[in-house]
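Data file: upload23.pdb. Format and content: PDB, C-alpha atoms and all ligand atoms.
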```pdb
ATOM      1  CA  MET A  19     -28.853  -0.845  11.872
ATOM      2  CA  ALA A  20     -26.421  -3.221  13.599
ATOM      3  CA  VAL A  21     -27.167  -3.518  17.325
ATOM      4  CA  GLN A  22     -24.231  -3.262  19.720
ATOM      5  CA  ASP A  23     -23.731  -1.961  23.230
ATOM      6  CA  GLY A  24     -22.940   1.751  23.411
ATOM      7  CA  SER A  25     -19.380   0.980  24.517
ATOM      8  CA  ALA A  26     -18.733  -1.060  21.398
ATOM      9  CA  GLN A  27     -20.266   1.618  19.199
ATOM     10  CA  GLN A  28     -18.004   4.247  20.725
ATOM     11  CA  ALA A  29     -15.017   2.409  19.256
ATOM     12  CA  LEU A  30     -15.951   3.911  15.881
ATOM     13  CA  GLU A  31     -15.851   7.411  17.289
ATOM     14  CA  ALA A  32     -12.471   6.655  18.839
ATOM     15  CA  LEU A  33     -11.057   5.434  15.530
ATOM     16  CA  ALA A  34     -12.567   8.432  13.700
ATOM     17  CA  ALA A  35     -11.585   7.213  10.231
ATOM     18  CA  GLU A  36     -11.406   9.978   7.592
ATOM     19  CA  PRO A  37     -14.132   9.990   4.892
ATOM     20  CA  GLY A  38     -13.378   7.405   2.200
ATOM     21  CA  ALA A  39     -10.441   5.985   4.179
ATOM     22  CA  ARG A  40      -8.938   2.578   3.531
ATOM     23  CA  VAL A  41      -9.701   0.677   6.726
ATOM     24  CA  LEU A  42      -8.719  -2.738   8.080
ATOM     25  CA  ASP A  43     -11.071  -4.374  10.582
ATOM     26  CA  ALA A  44      -8.614  -7.061  11.682
ATOM     27  CA  CYS A  45     -10.890  -9.100  13.988
ATOM     28  CA  ALA A  46     -14.283  -8.426  12.506
ATOM     29  CA  ALA A  47     -16.764 -11.207  13.372
ATOM     30  CA  PRO A  48     -19.685 -11.005  13.970
ATOM     31  CA  GLY A  49     -19.369  -7.699  12.152
ATOM     32  CA  GLY A  50     -20.927  -5.188  14.544
ATOM     33  CA  LYS A  51     -18.140  -2.656  14.173
ATOM     34  CA  ALA A  52     -17.723  -3.284  10.462
ATOM     35  CA  ALA A  53     -21.428  -2.474  10.000
ATOM     36  CA  HIS A  54     -21.161   0.669  12.091
ATOM     37  CA  LEU A  55     -18.033   1.774  10.240
ATOM     38  CA  LEU A  56     -19.934   1.537   6.951
ATOM     39  CA  GLU A  57     -23.103   3.104   8.317
ATOM     40  CA  ARG A  58     -20.980   6.031   9.440
ATOM     41  CA  ASP A  59     -19.319   6.270   6.014
ATOM     42  CA  PRO A  60     -20.512   4.032   3.139
ATOM     43  CA  ALA A  61     -17.605   5.336   1.019
ATOM     44  CA  LEU A  62     -15.008   3.562   3.169
ATOM     45  CA  GLU A  63     -12.768   0.979   1.542
ATOM     46  CA  LEU A  64     -13.067  -1.760   4.138
ATOM     47  CA  LEU A  65     -11.307  -5.079   4.517
ATOM     48  CA  ALA A  66     -12.939  -7.137   7.279
ATOM     49  CA  LEU A  67     -11.041 -10.244   8.412
ATOM     50  CA  ASP A  68     -11.713 -12.992  10.866
ATOM     51  CA  VAL A  69      -9.711 -16.134  11.484
ATOM     52  CA  ASP A  70     -12.786 -18.212  12.324
ATOM     53  CA  PRO A  71     -14.559 -19.450   9.169
ATOM     54  CA  ARG A  72     -17.687 -20.345  11.174
ATOM     55  CA  ARG A  73     -18.062 -16.706  12.200
ATOM     56  CA  LEU A  74     -17.535 -15.201   8.753
ATOM     57  CA  PRO A  75     -21.131 -15.649   7.502
ATOM     58  CA  ARG A  76     -22.265 -13.557  10.448
ATOM     59  CA  ILE A  77     -20.229 -10.589   9.176
ATOM     60  CA  GLU A  78     -21.699 -10.994   5.705
ATOM     61  CA  ASP A  79     -25.245 -11.357   7.095
ATOM     62  CA  ASN A  80     -24.801  -8.297   9.297
ATOM     63  CA  LEU A  81     -23.577  -6.191   6.385
ATOM     64  CA  ARG A  82     -26.092  -7.567   3.891
ATOM     65  CA  ARG A  83     -29.014  -7.020   6.268
ATOM     66  CA  SER A  84     -28.072  -3.377   6.520
ATOM     67  CA  GLY A  85     -27.587  -3.197   2.738
ATOM     68  CA  LEU A  86     -23.918  -2.451   3.319
ATOM     69  CA  LEU A  87     -22.238  -5.278   1.459
ATOM     70  CA  GLU A  88     -23.713  -3.919  -1.785
ATOM     71  CA  ALA A  89     -23.107  -0.324  -0.747
ATOM     72  CA  GLY A  90     -19.402  -0.513  -1.430
ATOM     73  CA  PRO A  91     -19.064   0.320  -5.122
ATOM     74  CA  ASN A  92     -16.500  -1.730  -7.077
ATOM     75  CA  GLY A  93     -15.890  -4.185  -4.270
ATOM     76  CA  ARG A  94     -14.736  -1.555  -1.800
ATOM     77  CA  VAL A  95     -16.018  -3.809   1.003
ATOM     78  CA  GLN A  96     -14.313  -7.159   1.350
ATOM     79  CA  VAL A  97     -14.918  -9.859   3.956
ATOM     80  CA  ARG A  98     -12.327 -12.620   4.234
ATOM     81  CA  VAL A  99     -11.352 -15.554   6.413
ATOM     82  CA  ALA A 100      -7.749 -14.796   7.329
ATOM     83  CA  ASP A 101      -5.351 -14.790  10.226
ATOM     84  CA  ALA A 102      -4.508 -11.149  10.834
ATOM     85  CA  THR A 103      -1.147 -12.179  12.311
ATOM     86  CA  MET A 104      -0.086 -13.541   8.902
ATOM     87  CA  PRO A 105      -0.402 -10.579   6.503
ATOM     88  CA  ALA A 106       1.895 -12.264   3.968
ATOM     89  CA  LEU A 107      -1.084 -14.510   3.175
ATOM     90  CA  TRP A 108      -3.705 -11.798   2.572
ATOM     91  CA  TRP A 109      -2.268  -8.268   2.358
ATOM     92  CA  ASP A 110      -2.045  -6.621  -1.081
ATOM     93  CA  GLY A 111       0.800  -4.332   0.000
ATOM     94  CA  PHE A 112      -1.248  -1.072   0.065
ATOM     95  CA  SER A 113      -1.163   0.636   3.463
ATOM     96  CA  PHE A 114      -4.276   1.277   5.526
ATOM     97  CA  ASP A 115      -5.274   4.753   6.731
ATOM     98  CA  ALA A 116      -6.906   3.304   9.831
ATOM     99  CA  ILE A 117      -6.994  -0.059  11.604
ATOM    100  CA  MET A 118      -9.640  -1.325  14.010
ATOM    101  CA  LEU A 119      -8.138  -3.989  16.273
ATOM    102  CA  ASP A 120     -11.073  -5.197  18.366
ATOM    103  CA  ALA A 121      -8.980  -7.921  19.907
ATOM    104  CA  PRO A 122     -10.044 -11.327  21.227
ATOM    105  CA  CYS A 123     -10.161 -10.904  25.012
ATOM    106  CA  SER A 124     -11.439 -12.268  28.326
ATOM    107  CA  ALA A 125     -14.773 -10.426  27.844
ATOM    108  CA  THR A 126     -14.650  -9.507  31.541
ATOM    109  CA  GLY A 127     -16.310  -6.197  30.639
ATOM    110  CA  VAL A 128     -19.554  -7.869  29.623
ATOM    111  CA  VAL A 129     -20.021  -9.896  32.842
ATOM    112  CA  ARG A 130     -23.276  -8.160  33.715
ATOM    113  CA  ARG A 131     -24.791  -9.702  30.551
ATOM    114  CA  GLN A 132     -22.761 -12.961  30.544
ATOM    115  CA  PRO A 133     -21.927 -13.781  34.204
ATOM    116  CA  ASP A 134     -20.719 -17.313  33.352
ATOM    117  CA  ILE A 135     -17.568 -15.748  31.857
ATOM    118  CA  LEU A 136     -16.166 -15.444  35.370
ATOM    119  CA  LEU A 137     -16.727 -19.155  36.051
ATOM    120  CA  HIS A 138     -15.051 -20.430  32.915
ATOM    121  CA  ARG A 139     -11.924 -18.249  32.664
ATOM    122  CA  ARG A 140      -8.605 -19.715  33.744
ATOM    123  CA  GLU A 141      -5.167 -18.182  34.271
ATOM    124  CA  GLU A 142      -3.765 -19.973  31.190
ATOM    125  CA  ASP A 143      -6.567 -18.539  29.060
ATOM    126  CA  LEU A 144      -5.557 -15.061  30.067
ATOM    127  CA  SER A 145      -1.877 -15.483  29.234
ATOM    128  CA  ALA A 146      -2.791 -17.017  25.847
ATOM    129  CA  LEU A 147      -5.048 -14.040  25.132
ATOM    130  CA  VAL A 148      -2.407 -11.521  26.180
ATOM    131  CA  HIS A 149       0.092 -13.243  23.891
ATOM    132  CA  ALA A 150      -2.379 -13.312  20.971
ATOM    133  CA  GLN A 151      -3.212  -9.618  21.423
ATOM    134  CA  ALA A 152       0.499  -8.684  21.351
ATOM    135  CA  ARG A 153       1.009 -10.735  18.183
ATOM    136  CA  LEU A 154      -1.955  -9.027  16.524
ATOM    137  CA  LEU A 155      -0.653  -5.571  17.417
ATOM    138  CA  ASP A 156       2.830  -6.364  16.090
ATOM    139  CA  ALA A 157       1.506  -7.964  12.892
ATOM    140  CA  VAL A 158      -0.915  -5.252  11.758
ATOM    141  CA  TRP A 159       1.095  -2.184  12.802
ATOM    142  CA  PRO A 160       3.456  -2.317   9.760
ATOM    143  CA  LEU A 161       0.355  -2.201   7.490
ATOM    144  CA  LEU A 162      -0.648   1.243   8.776
ATOM    145  CA  ARG A 163       0.512   4.270   6.781
ATOM    146  CA  PRO A 164       2.631   6.944   8.501
ATOM    147  CA  GLY A 165       0.208   9.338  10.194
ATOM    148  CA  GLY A 166      -2.469   6.611  10.290
ATOM    149  CA  VAL A 167      -4.428   5.586  13.371
ATOM    150  CA  LEU A 168      -4.954   2.185  15.014
ATOM    151  CA  LEU A 169      -7.657   1.695  17.601
ATOM    152  CA  TYR A 170      -6.882  -1.114  20.050
ATOM    153  CA  ALA A 171     -10.103  -2.096  21.800
ATOM    154  CA  THR A 172     -11.201  -4.880  24.144
ATOM    155  CA  CYS A 173     -14.349  -5.644  26.139
ATOM    156  CA  SER A 174     -12.054  -6.516  29.051
ATOM    157  CA  ILE A 175     -11.423  -4.808  32.370
ATOM    158  CA  LEU A 176      -8.108  -6.571  33.062
ATOM    159  CA  PRO A 177      -5.017  -4.315  32.970
ATOM    160  CA  GLU A 178      -2.884  -7.088  31.390
ATOM    161  CA  GLU A 179      -5.073  -6.984  28.277
ATOM    162  CA  ASN A 180      -5.448  -3.239  28.275
ATOM    163  CA  ALA A 181      -3.153  -0.564  29.733
ATOM    164  CA  ALA A 182      -0.207  -2.943  30.257
ATOM    165  CA  GLN A 183      -0.612  -4.455  26.787
ATOM    166  CA  VAL A 184      -0.526  -1.029  25.152
ATOM    167  CA  GLU A 185       2.305   0.201  27.366
ATOM    168  CA  ALA A 186       4.451  -2.785  26.307
ATOM    169  CA  PHE A 187       3.590  -2.192  22.643
ATOM    170  CA  LEU A 188       4.540   1.493  22.862
ATOM    171  CA  ALA A 189       7.808   0.542  24.575
ATOM    172  CA  ARG A 190       8.864  -1.835  21.784
ATOM    173  CA  THR A 191       7.487   0.158  18.815
ATOM    174  CA  ALA A 192       9.374   3.369  18.089
ATOM    175  CA  SER A 193       6.883   4.574  15.455
ATOM    176  CA  ALA A 194       3.835   4.254  17.768
ATOM    177  CA  LEU A 195       2.554   7.285  19.662
ATOM    178  CA  ALA A 196      -0.368   7.424  22.067
ATOM    179  CA  SER A 197      -3.175   9.672  20.808
ATOM    180  CA  PRO A 198      -5.202  10.453  23.939
ATOM    181  CA  LEU A 199      -8.969  10.062  23.990
ATOM    182  CA  PRO A 200     -11.322  12.369  25.914
ATOM    183  CA  GLU A 201     -12.992  11.538  29.228
ATOM    184  CA  ALA A 202     -16.181  10.459  27.444
ATOM    185  CA  PHE A 203     -14.436   7.117  26.770
ATOM    186  CA  GLY A 204     -13.876   6.277  30.433
ATOM    187  CA  HIS A 205     -11.236   6.585  33.140
ATOM    188  CA  ALA A 206      -7.623   7.228  32.178
ATOM    189  CA  ALA A 207      -5.812   3.844  32.029
ATOM    190  CA  GLY A 208      -2.224   4.181  30.859
ATOM    191  CA  ALA A 209      -2.285   5.365  27.253
ATOM    192  CA  GLY A 210      -5.971   4.490  26.902
ATOM    193  CA  ARG A 211      -9.367   4.797  28.558
ATOM    194  CA  GLN A 212     -11.278   2.189  30.566
ATOM    195  CA  ARG A 213     -15.007   2.045  31.175
ATOM    196  CA  LEU A 214     -16.145  -0.331  33.913
ATOM    197  CA  PRO A 215     -19.256  -2.507  33.482
ATOM    198  CA  GLY A 216     -22.446  -0.541  34.117
ATOM    199  CA  GLU A 217     -20.802   2.880  33.981
ATOM    200  CA  ASP A 218     -22.994   5.207  31.895
ATOM    201  CA  GLY A 219     -25.282   2.134  31.482
ATOM    202  CA  MET A 220     -22.756   0.463  29.181
ATOM    203  CA  ASP A 221     -20.492  -2.593  29.106
ATOM    204  CA  GLY A 222     -16.915  -2.467  30.325
ATOM    205  CA  PHE A 223     -14.579  -1.521  27.495
ATOM    206  CA  PHE A 224     -11.017  -0.352  26.870
ATOM    207  CA  TYR A 225      -9.878   1.915  24.039
ATOM    208  CA  ALA A 226      -6.381   3.037  23.096
ATOM    209  CA  ARG A 227      -5.806   5.172  20.017
ATOM    210  CA  LEU A 228      -2.308   4.879  18.583
ATOM    211  CA  ARG A 229      -0.892   7.071  15.829
ATOM    212  CA  LYS A 230       2.024   6.150  13.586
ATOM    213  CA  SER A 231       4.684   8.807  13.375
ATOM    214  CA  ASP A 232       5.167  10.467   9.936
TER     215      ASP A 232
HETATM  216  C1  LIG A 301     -14.050  -9.248  20.125
HETATM  217  S1  LIG A 301     -14.359 -10.266  18.744
HETATM  218  C2  LIG A 301     -14.608  -9.075  17.467
HETATM  219  C3  LIG A 301     -15.948  -8.407  17.482
HETATM  220  C4  LIG A 301     -16.223  -7.600  16.218
HETATM  221  N1  LIG A 301     -15.185  -6.613  15.973
HETATM  222  C5  LIG A 301     -17.560  -6.898  16.230
HETATM  223  O1  LIG A 301     -17.620  -5.698  16.478
HETATM  224  O2  LIG A 301     -18.585  -7.556  15.975
HETATM  225  C6  LIG A 301     -12.767 -10.893  18.357
HETATM  226  C7  LIG A 301     -12.680 -11.695  17.054
HETATM  227  O3  LIG A 301     -11.297 -11.896  16.772
HETATM  228  C8  LIG A 301     -11.190 -13.061  15.989
HETATM  229  N2  LIG A 301      -9.757 -13.421  15.948
HETATM  230  C9  LIG A 301      -9.014 -13.985  16.913
HETATM  231  N3  LIG A 301      -7.737 -14.142  16.478
HETATM  232  C10 LIG A 301      -7.681 -13.654  15.206
HETATM  233  C11 LIG A 301      -6.649 -13.541  14.232
HETATM  234  N4  LIG A 301      -5.415 -13.960  14.492
HETATM  235  N5  LIG A 301      -6.953 -13.004  13.038
HETATM  236  C12 LIG A 301      -8.220 -12.572  12.761
HETATM  237  N6  LIG A 301      -9.234 -12.668  13.649
HETATM  238  C13 LIG A 301      -8.972 -13.187  14.863
HETATM  239  C14 LIG A 301     -12.125 -14.022  16.704
HETATM  240  O4  LIG A 301     -12.512 -15.088  15.848
HETATM  241  C15 LIG A 301     -13.290 -13.094  17.074
HETATM  242  O5  LIG A 301     -14.313 -13.179  16.116
END
```
What's the structure tokens form of this structure?
Ligand SMILES: C[S@@+](CC[C@H](N)C(=O)[O-])C[C@H]1O[C@@H](n2cnc3c(N)ncnc32)[C@H](O)[C@@H]1O
Amino acid sequence: MAVQDGSAQQALEALAAEPGARVLDACAAPGGKAAHLLERDPALELLALDVDPRRLPRIEDNLRRSGLLEAGPNGRVQVRVADATMPALWWDGFSFDAIMLDAPCSATGVVRRQPDILLHRREEDLSALVHAQARLLDAVWPLLRPGGVLLYATCSILPEENAAQVEAFLARTASALASPLPEAFGHAAGAGRQRLPGEDGMDGFFYARLRKSD
């Protein structure tokens, strides 16, 4: 069983991929959510990407340790080093039913476990992250089938990375509709839900579920 904070695990429930769905985990390393996705449904067809080649073995180890890399019959589970913002280099042209976008972020939601995050973050880091998150959203959205669901998640508590990011995406993307999540995912924050660090004994986390119009 992959070990993650309860907040991170809840991302799977928020995505709620259909049985046997074709799923993209766009920012997958170290593979916690990929492992949970497959534990929840070993029949998923999963493509797990990460841009950082040093982090890729951790996804494979995580999946192998849980026996999940072999569980996908006929190579239904693939792990690749790839930049999710450049689908022309890795996408086979078949749409995904569901996309997990667990975006790179300031990690301000996990400060209770990693307090040094607050010391090392700078203003420029935040604007670079906000820009990268927007590029990821724009790049993977066209790969989702009509009616499909994308979960945008961060372990951040900063509105720029969360509610404002999603609000701007909805404003520029006619086919994207907010699909509200219940209170169990945290406080209402724009089109998503925000949990603050320590609430319900979990890390701070943001979730926004977006559905593509048919
Ligand atoms: C929050 S972590 C993902 C955690 C992971 N989903 C899990 O549950 O274990 C964000 C990841 O995004 C990756 N990343 C950043 N930019 C990327 C890009 N353009 N394409 C793919 N992965 C990217 C980082 O290398 C990092 O591993």
Subject >> Nearest residue to Ala106 in chain A from the set A:Ala171, A:Leu161, A:Ala32, A:Leu195 (distances using all atoms listed in the file) >> reply: A:Leu161
**OP:** Could you give me, as JSON, numbers by chain, the residues that sit within 7 Å of (-9.9, -9.5, 17.1) in the file's coordinates, counting only C-alpha atoms?
**Re:** {"A": [44, 45, 46, 119, 120, 121, 122]}
Next, dump the selected residues to file, keeping only C-alpha atoms, as a JSON list (two decimals), in the coordinates of the input.
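Dumped everything to out36.json:
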```json
[["chain", "number", "residue", "atom", "x", "y", "z"],
["A", 44, "ALA", "CA", -8.61, -7.06, 11.68],
["A", 45, "CYS", "CA", -10.89, -9.10, 13.99],
["A", 46, "ALA", "CA", -14.28, -8.43, 12.51],
["A", 119, "LEU", "CA", -8.14, -3.99, 16.27],
["A", 120, "ASP", "CA", -11.07, -5.20, 18.37],
["A", 121, "ALA", "CA", -8.98, -7.92, 19.91],
["A", 122, "PRO", "CA", -10.04, -11.33, 21.23]]
```
Each chain A residue no farther than 8 Å from ligand LIG 301 (chain A), nearest pair in Å, only C-alpha atoms and all ligand atoms, as CSV:
```
residue,atom,partner,partner_atom,distance
A:Gln22,CA,A:LIG301,O1,7.8
A:Ala26,CA,A:LIG301,O1,6.9
A:Asp43,CA,A:LIG301,N1,7.1
A:Ala44,CA,A:LIG301,C12,5.6
A:Cys45,CA,A:LIG301,N6,3.9
A:Ala46,CA,A:LIG301,N1,4.0
A:Ala47,CA,A:LIG301,O5,4.2
A:Pro48,CA,A:LIG301,O2,4.1
A:Gly49,CA,A:LIG301,O2,3.9
A:Gly50,CA,A:LIG301,O2,3.6
A:Lys51,CA,A:LIG301,O1,3.9
A:Ala52,CA,A:LIG301,O1,6.5
A:Leu67,CA,A:LIG301,C12,5.7
A:Asp68,CA,A:LIG301,N6,3.7
A:Val69,CA,A:LIG301,C12,4.1
A:Asp70,CA,A:LIG301,O4,4.7
A:Arg73,CA,A:LIG301,O5,6.5
A:Ile77,CA,A:LIG301,O2,7.6
A:Val99,CA,A:LIG301,C12,7.7
A:Ala100,CA,A:LIG301,C12,5.9
A:Asp101,CA,A:LIG301,N5,3.7
A:Ala102,CA,A:LIG301,N5,3.8
A:Thr103,CA,A:LIG301,N4,5.1
A:Met104,CA,A:LIG301,N4,7.7
A:Met118,CA,A:LIG301,N1,7.9
A:Leu119,CA,A:LIG301,N1,7.5
A:Asp120,CA,A:LIG301,N1,5.0
A:Ala121,CA,A:LIG301,C6,5.1
A:Pro122,CA,A:LIG301,C6,4.0
A:Cys123,CA,A:LIG301,C1,6.5
A:Ala125,CA,A:LIG301,C1,7.8
A:Ala150,CA,A:LIG301,N3,7.0
A:Leu154,CA,A:LIG301,N4,6.4
A:Thr172,CA,A:LIG301,C1,6.6
A:Cys173,CA,A:LIG301,C1,7.0
```
Original post:
Counting all atoms listed in the file, what is within 7 Å of Phe114 in chain A, bar same-chain residues fewer than 5 positions away, as an MDAnalysis selection string?
Top reply: chainID A and resid 40:42 161:163
Would you save the residues of that selection, restricted to C-alpha atoms, as a short mmCIF file (atom, residue, chain, number, x, y, z; two decimals), in the coordinates of the input?
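Output below, filename part-v2.cif:
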```cif
data_model
loop_
_atom_site.label_atom_id
_atom_site.label_comp_id
_atom_site.auth_asym_id
_atom_site.auth_seq_id
_atom_site.Cartn_x
_atom_site.Cartn_y
_atom_site.Cartn_z
CA ARG A 40 -8.94 2.58 3.53
CA VAL A 41 -9.70 0.68 6.73
CA LEU A 42 -8.72 -2.74 8.08
CA LEU A 161 0.36 -2.20 7.49
CA LEU A 162 -0.65 1.24 8.78
CA ARG A 163 0.51 4.27 6.78
#
```
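Nearest residue to Pro60 in chain A, choosing from A:Met220, A:Leu86, A:Ala35, A:Lys230 and counting only C-alpha atoms: A:Leu86.
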For range 40-50 of chain A, supply all heavy atoms and format the output as a PDB file, in the frame of the given file.
```
ATOM      1  N   ARG A  40      -9.159   4.022   3.723  1.00  0.00           N
ATOM      2  CA  ARG A  40      -8.938   2.578   3.531  1.00  0.00           C
ATOM      3  C   ARG A  40      -8.732   1.986   4.924  1.00  0.00           C
ATOM      4  O   ARG A  40      -7.745   2.305   5.609  1.00  0.00           O
ATOM      5  CB  ARG A  40      -7.702   2.406   2.656  1.00  0.00           C
ATOM      6  CG  ARG A  40      -7.324   0.984   2.348  1.00  0.00           C
ATOM      7  CD  ARG A  40      -6.187   0.991   1.307  1.00  0.00           C
ATOM      8  NE  ARG A  40      -5.393  -0.215   1.363  1.00  0.00           N
ATOM      9  CZ  ARG A  40      -5.731  -1.362   0.786  1.00  0.00           C
ATOM     10  NH1 ARG A  40      -6.846  -1.479   0.104  1.00  0.00           N
ATOM     11  NH2 ARG A  40      -4.936  -2.412   0.896  1.00  0.00           N
ATOM     12  N   VAL A  41      -9.662   1.136   5.328  1.00  0.00           N
ATOM     13  CA  VAL A  41      -9.701   0.677   6.726  1.00  0.00           C
ATOM     14  C   VAL A  41      -9.583  -0.842   6.806  1.00  0.00           C
ATOM     15  O   VAL A  41     -10.223  -1.563   6.031  1.00  0.00           O
ATOM     16  CB  VAL A  41     -11.026   1.126   7.407  1.00  0.00           C
ATOM     17  CG1 VAL A  41     -11.100   0.619   8.847  1.00  0.00           C
ATOM     18  CG2 VAL A  41     -11.161   2.637   7.374  1.00  0.00           C
ATOM     19  N   LEU A  42      -8.789  -1.309   7.758  1.00  0.00           N
ATOM     20  CA  LEU A  42      -8.719  -2.738   8.080  1.00  0.00           C
ATOM     21  C   LEU A  42      -9.460  -2.977   9.386  1.00  0.00           C
ATOM     22  O   LEU A  42      -9.149  -2.340  10.398  1.00  0.00           O
ATOM     23  CB  LEU A  42      -7.250  -3.168   8.239  1.00  0.00           C
ATOM     24  CG  LEU A  42      -7.036  -4.594   8.779  1.00  0.00           C
ATOM     25  CD1 LEU A  42      -7.532  -5.643   7.783  1.00  0.00           C
ATOM     26  CD2 LEU A  42      -5.552  -4.832   9.097  1.00  0.00           C
ATOM     27  N   ASP A  43     -10.434  -3.889   9.352  1.00  0.00           N
ATOM     28  CA  ASP A  43     -11.071  -4.374  10.582  1.00  0.00           C
ATOM     29  C   ASP A  43     -10.484  -5.767  10.782  1.00  0.00           C
ATOM     30  O   ASP A  43     -10.901  -6.731  10.132  1.00  0.00           O
ATOM     31  CB  ASP A  43     -12.590  -4.404  10.384  1.00  0.00           C
ATOM     32  CG  ASP A  43     -13.336  -4.764  11.663  1.00  0.00           C
ATOM     33  OD1 ASP A  43     -12.676  -5.107  12.657  1.00  0.00           O
ATOM     34  OD2 ASP A  43     -14.585  -4.706  11.649  1.00  0.00           O
ATOM     35  N   ALA A  44      -9.471  -5.864  11.655  1.00  0.00           N
ATOM     36  CA  ALA A  44      -8.614  -7.061  11.682  1.00  0.00           C
ATOM     37  C   ALA A  44      -9.281  -8.266  12.338  1.00  0.00           C
ATOM     38  O   ALA A  44      -8.924  -9.405  12.041  1.00  0.00           O
ATOM     39  CB  ALA A  44      -7.306  -6.729  12.394  1.00  0.00           C
ATOM     40  N   CYS A  45     -10.198  -8.022  13.254  1.00  0.00           N
ATOM     41  CA  CYS A  45     -10.890  -9.100  13.988  1.00  0.00           C
ATOM     42  C   CYS A  45     -12.370  -8.754  13.931  1.00  0.00           C
ATOM     43  O   CYS A  45     -12.925  -8.175  14.855  1.00  0.00           O
ATOM     44  CB  CYS A  45     -10.408  -9.118  15.436  1.00  0.00           C
ATOM     45  SG  CYS A  45      -8.672  -9.576  15.613  1.00  0.00           S
ATOM     46  N   ALA A  46     -13.016  -9.093  12.842  1.00  0.00           N
ATOM     47  CA  ALA A  46     -14.283  -8.426  12.506  1.00  0.00           C
ATOM     48  C   ALA A  46     -15.553  -9.146  12.925  1.00  0.00           C
ATOM     49  O   ALA A  46     -16.606  -8.516  13.028  1.00  0.00           O
ATOM     50  CB  ALA A  46     -14.326  -8.159  11.010  1.00  0.00           C
ATOM     51  N   ALA A  47     -15.511 -10.475  13.112  1.00  0.00           N
ATOM     52  CA  ALA A  47     -16.764 -11.207  13.372  1.00  0.00           C
ATOM     53  C   ALA A  47     -17.298 -10.927  14.791  1.00  0.00           C
ATOM     54  O   ALA A  47     -16.493 -10.798  15.718  1.00  0.00           O
ATOM     55  CB  ALA A  47     -16.515 -12.713  13.215  1.00  0.00           C
ATOM     56  N   PRO A  48     -18.606 -10.794  14.954  1.00  0.00           N
ATOM     57  CA  PRO A  48     -19.685 -11.005  13.970  1.00  0.00           C
ATOM     58  C   PRO A  48     -19.990  -9.801  13.079  1.00  0.00           C
ATOM     59  O   PRO A  48     -20.972  -9.845  12.343  1.00  0.00           O
ATOM     60  CB  PRO A  48     -20.883 -11.333  14.855  1.00  0.00           C
ATOM     61  CG  PRO A  48     -20.625 -10.569  16.121  1.00  0.00           C
ATOM     62  CD  PRO A  48     -19.133 -10.599  16.324  1.00  0.00           C
ATOM     63  N   GLY A  49     -19.199  -8.771  13.132  1.00  0.00           N
ATOM     64  CA  GLY A  49     -19.369  -7.699  12.152  1.00  0.00           C
ATOM     65  C   GLY A  49     -20.057  -6.451  12.669  1.00  0.00           C
ATOM     66  O   GLY A  49     -20.410  -5.577  11.885  1.00  0.00           O
ATOM     67  N   GLY A  50     -20.246  -6.369  13.985  1.00  0.00           N
ATOM     68  CA  GLY A  50     -20.927  -5.188  14.544  1.00  0.00           C
ATOM     69  C   GLY A  50     -20.187  -3.898  14.202  1.00  0.00           C
ATOM     70  O   GLY A  50     -20.791  -2.939  13.717  1.00  0.00           O
TER      71      GLY A  50
END
```
